[in-house]
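Undergrad: Please see the structure below; I have some questions.
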Amino acid sequence: MAEETIFSKIIRKEIPANIVYQDDLVTAFRDIAPQANTHILIIPNKLIPTINDVCEQDEMSLGRLFTVAAKLAKQEGIAEEGYRLIVNCNKHGGQEVFHLHMHLVGGEPLGKMLAK
Ligand code: 5GP
């Protein structure tokens, strides 16, 4: 069994977070240390530690990450100018929290894709 992270507590509202969307499959909340004017994390409610742990049964919730990202981008007023969706995996990807999450970042020019 994978170990829960702080994100499971956020989903269950056991610790505070600025939740902007929640349904039966996913939860979205503002990143605690935003790296752009808009920085929202969208996560499956089910604990999936990394992209490496994804299976076919997860396709509904992972697809939902994208529909919610599109909806929130519109809501944030950043859809037309554009934004970036990022999912980090493990050490080389810079993943810090081992509950799969999609970063929705935008609201300003984001520069080149990779900063090494
Ligand atoms: P990663 O590097 O794993 O892709 O991204 C983890 C993200 O989670 C970081 O951007 C970090 O700021 C955010 N984060 C970590 N702990 C918390 C928390 O307790 N609350 C919120 N809202 N964001 C968090």
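Identifiers in the structure tokens: chain A, B, ... in order shown; residue index from 1 per chain; ligand index from 1 in order shown.
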Mind running chain A against ligand 1 at 12 Å and telling me each contacting residue's nearest atom pair with the distance in Å (one decimal), counting only C-alpha atoms and all ligand atoms, chain and number ascending, as a tab-separated table?

TA:
```
residue	atom	partner	partner_atom_place_in_ligand_line	distance
A:Thr5	CA	ligand 1	16 (N)	9.0
A:Ile6	CA	ligand 1	19 (O)	6.0
A:Phe7	CA	ligand 1	19 (O)	7.0
A:Ser8	CA	ligand 1	19 (O)	10.2
A:Lys9	CA	ligand 1	19 (O)	9.0
A:Ile10	CA	ligand 1	20 (N)	7.6
A:Ile11	CA	ligand 1	20 (N)	10.8
A:Lys13	CA	ligand 1	20 (N)	11.5
A:Glu14	CA	ligand 1	19 (O)	11.2
A:Ile15	CA	ligand 1	19 (O)	8.2
A:Pro16	CA	ligand 1	20 (N)	8.0
A:Ala17	CA	ligand 1	22 (N)	5.4
A:Asn18	CA	ligand 1	22 (N)	6.8
A:Ile19	CA	ligand 1	22 (N)	8.4
A:Val20	CA	ligand 1	22 (N)	10.9
A:Thr27	CA	ligand 1	22 (N)	11.3
A:Ala28	CA	ligand 1	22 (N)	9.3
A:Phe29	CA	ligand 1	22 (N)	6.1
A:Arg30	CA	ligand 1	22 (N)	5.3
A:Asp31	CA	ligand 1	22 (N)	4.0
A:Ile32	CA	ligand 1	22 (N)	3.9
A:Ala33	CA	ligand 1	12 (O)	4.3
A:Pro34	CA	ligand 1	12 (O)	6.5
A:Gln35	CA	ligand 1	10 (O)	7.5
A:Ala36	CA	ligand 1	10 (O)	10.5
A:Thr38	CA	ligand 1	10 (O)	11.7
A:His39	CA	ligand 1	10 (O)	8.2
A:Ile40	CA	ligand 1	22 (N)	8.2
A:Leu41	CA	ligand 1	8 (O)	7.3
A:Ile42	CA	ligand 1	8 (O)	10.2
A:Ile43	CA	ligand 1	8 (O)	10.5
A:Pro49	CA	ligand 1	3 (O)	10.1
A:Thr50	CA	ligand 1	3 (O)	9.5
A:Ile51	CA	ligand 1	4 (O)	11.3
A:Leu85	CA	ligand 1	4 (O)	10.9
A:Ile86	CA	ligand 1	4 (O)	7.7
A:Val87	CA	ligand 1	4 (O)	6.3
A:Asn88	CA	ligand 1	4 (O)	4.8
A:Cys89	CA	ligand 1	4 (O)	7.4
A:Asn90	CA	ligand 1	3 (O)	8.3
A:Lys91	CA	ligand 1	2 (O)	9.5
A:His92	CA	ligand 1	2 (O)	10.6
A:Gly93	CA	ligand 1	4 (O)	7.8
A:Gly94	CA	ligand 1	2 (O)	5.3
A:Gln95	CA	ligand 1	3 (O)	3.7
A:Glu96	CA	ligand 1	3 (O)	3.5
A:Val97	CA	ligand 1	3 (O)	4.0
A:Phe98	CA	ligand 1	3 (O)	6.5
A:His99	CA	ligand 1	3 (O)	7.8
A:Leu100	CA	ligand 1	3 (O)	7.8
A:His101	CA	ligand 1	4 (O)	6.8
A:Met102	CA	ligand 1	4 (O)	7.6
A:His103	CA	ligand 1	4 (O)	7.2
A:Leu104	CA	ligand 1	10 (O)	10.2
A:Val105	CA	ligand 1	10 (O)	10.2
```

Undergrad: Can you tell me which residues surround Gln75 of chain A at a distance of at most 12 Å, considering only C-alpha atoms, apart from same-chain residues fewer than 2 positions away, and format the answer as number ranges by chain?

TA: A: 20-21, 38, 40, 68-73, 77-80, 107

Undergrad: Can I get the selection written as a PDB file, in the first residue's frame, with C-alpha atoms?

TA:
```pdb
ATOM      1  CA  VAL A  20     -11.297  25.654  -6.045  1.00  0.00           C
ATOM      2  CA  TYR A  21     -12.966  22.489  -7.359  1.00  0.00           C
ATOM      3  CA  THR A  38      -2.147  31.242 -11.302  1.00  0.00           C
ATOM      4  CA  ILE A  40      -3.402  25.319  -9.073  1.00  0.00           C
ATOM      5  CA  VAL A  68     -11.072  20.350 -14.880  1.00  0.00           C
ATOM      6  CA  ALA A  69      -7.850  22.085 -15.977  1.00  0.00           C
ATOM      7  CA  ALA A  70      -9.635  23.524 -19.015  1.00  0.00           C
ATOM      8  CA  LYS A  71     -12.599  24.634 -16.887  1.00  0.00           C
ATOM      9  CA  LEU A  72     -10.377  26.275 -14.263  1.00  0.00           C
ATOM     10  CA  ALA A  73      -8.210  27.982 -16.893  1.00  0.00           C
ATOM     11  CA  GLY A  77      -9.276  34.081 -17.222  1.00  0.00           C
ATOM     12  CA  ILE A  78      -6.048  32.580 -18.568  1.00  0.00           C
ATOM     13  CA  ALA A  79      -7.405  30.245 -21.252  1.00  0.00           C
ATOM     14  CA  GLU A  80      -6.952  32.561 -24.234  1.00  0.00           C
ATOM     15  CA  GLY A 107      -1.387  34.230 -15.811  1.00  0.00           C
TER      16      GLY A 107
END
```

Undergrad: Which one is closest to Glu108 of chain A: A:Asn52, A:Asn37, A:Asn45, A:Gln22? Count only C-alpha atoms.

TA: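 Ranked by minimum distance to Glu108 of chain A, first place goes to A:Asn37.
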
Undergrad: Return as a PyMOL selection string the full set of residues in segment 2-69 of chain A whose backbone-based DSSP assignment is strand (DSSP E or B).

TA: chain A and resi 19-22+26-30+38-44

Undergrad: Could you pull the residues within 7 Å of Pro44 of chain A, counting only C-alpha atoms, minus those fewer than 3 positions along the same chain, as a VMD selection string?

TA: chain A and resid 25 to 27 47 61 to 62

Undergrad: Can you tell me how far atom CA of Glu4 of chain A sits from atom CA of Arg84 of chain A, in Å to one decimal?

TA: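 Taking atom CA of Glu4 of chain A and atom CA of Arg84 of chain A, their separation equals 26.7 Å.
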
Undergrad: Pick out each residue of chain A that DSSP on the backbone tags as helix (DSSP H, G or I); I need them as a ChimeraX atom specification.

TA: /A:6-11,51-53,56-76,90-93

Undergrad: Which value, in Å to one decimal, gives the distance between atom CA of Lys112 of chain A and atom CA of Thr67 of chain A?

TA: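 Atom-to-atom, atom CA of Lys112 of chain A to atom CA of Thr67 of chain A, that is 24.6 Å.
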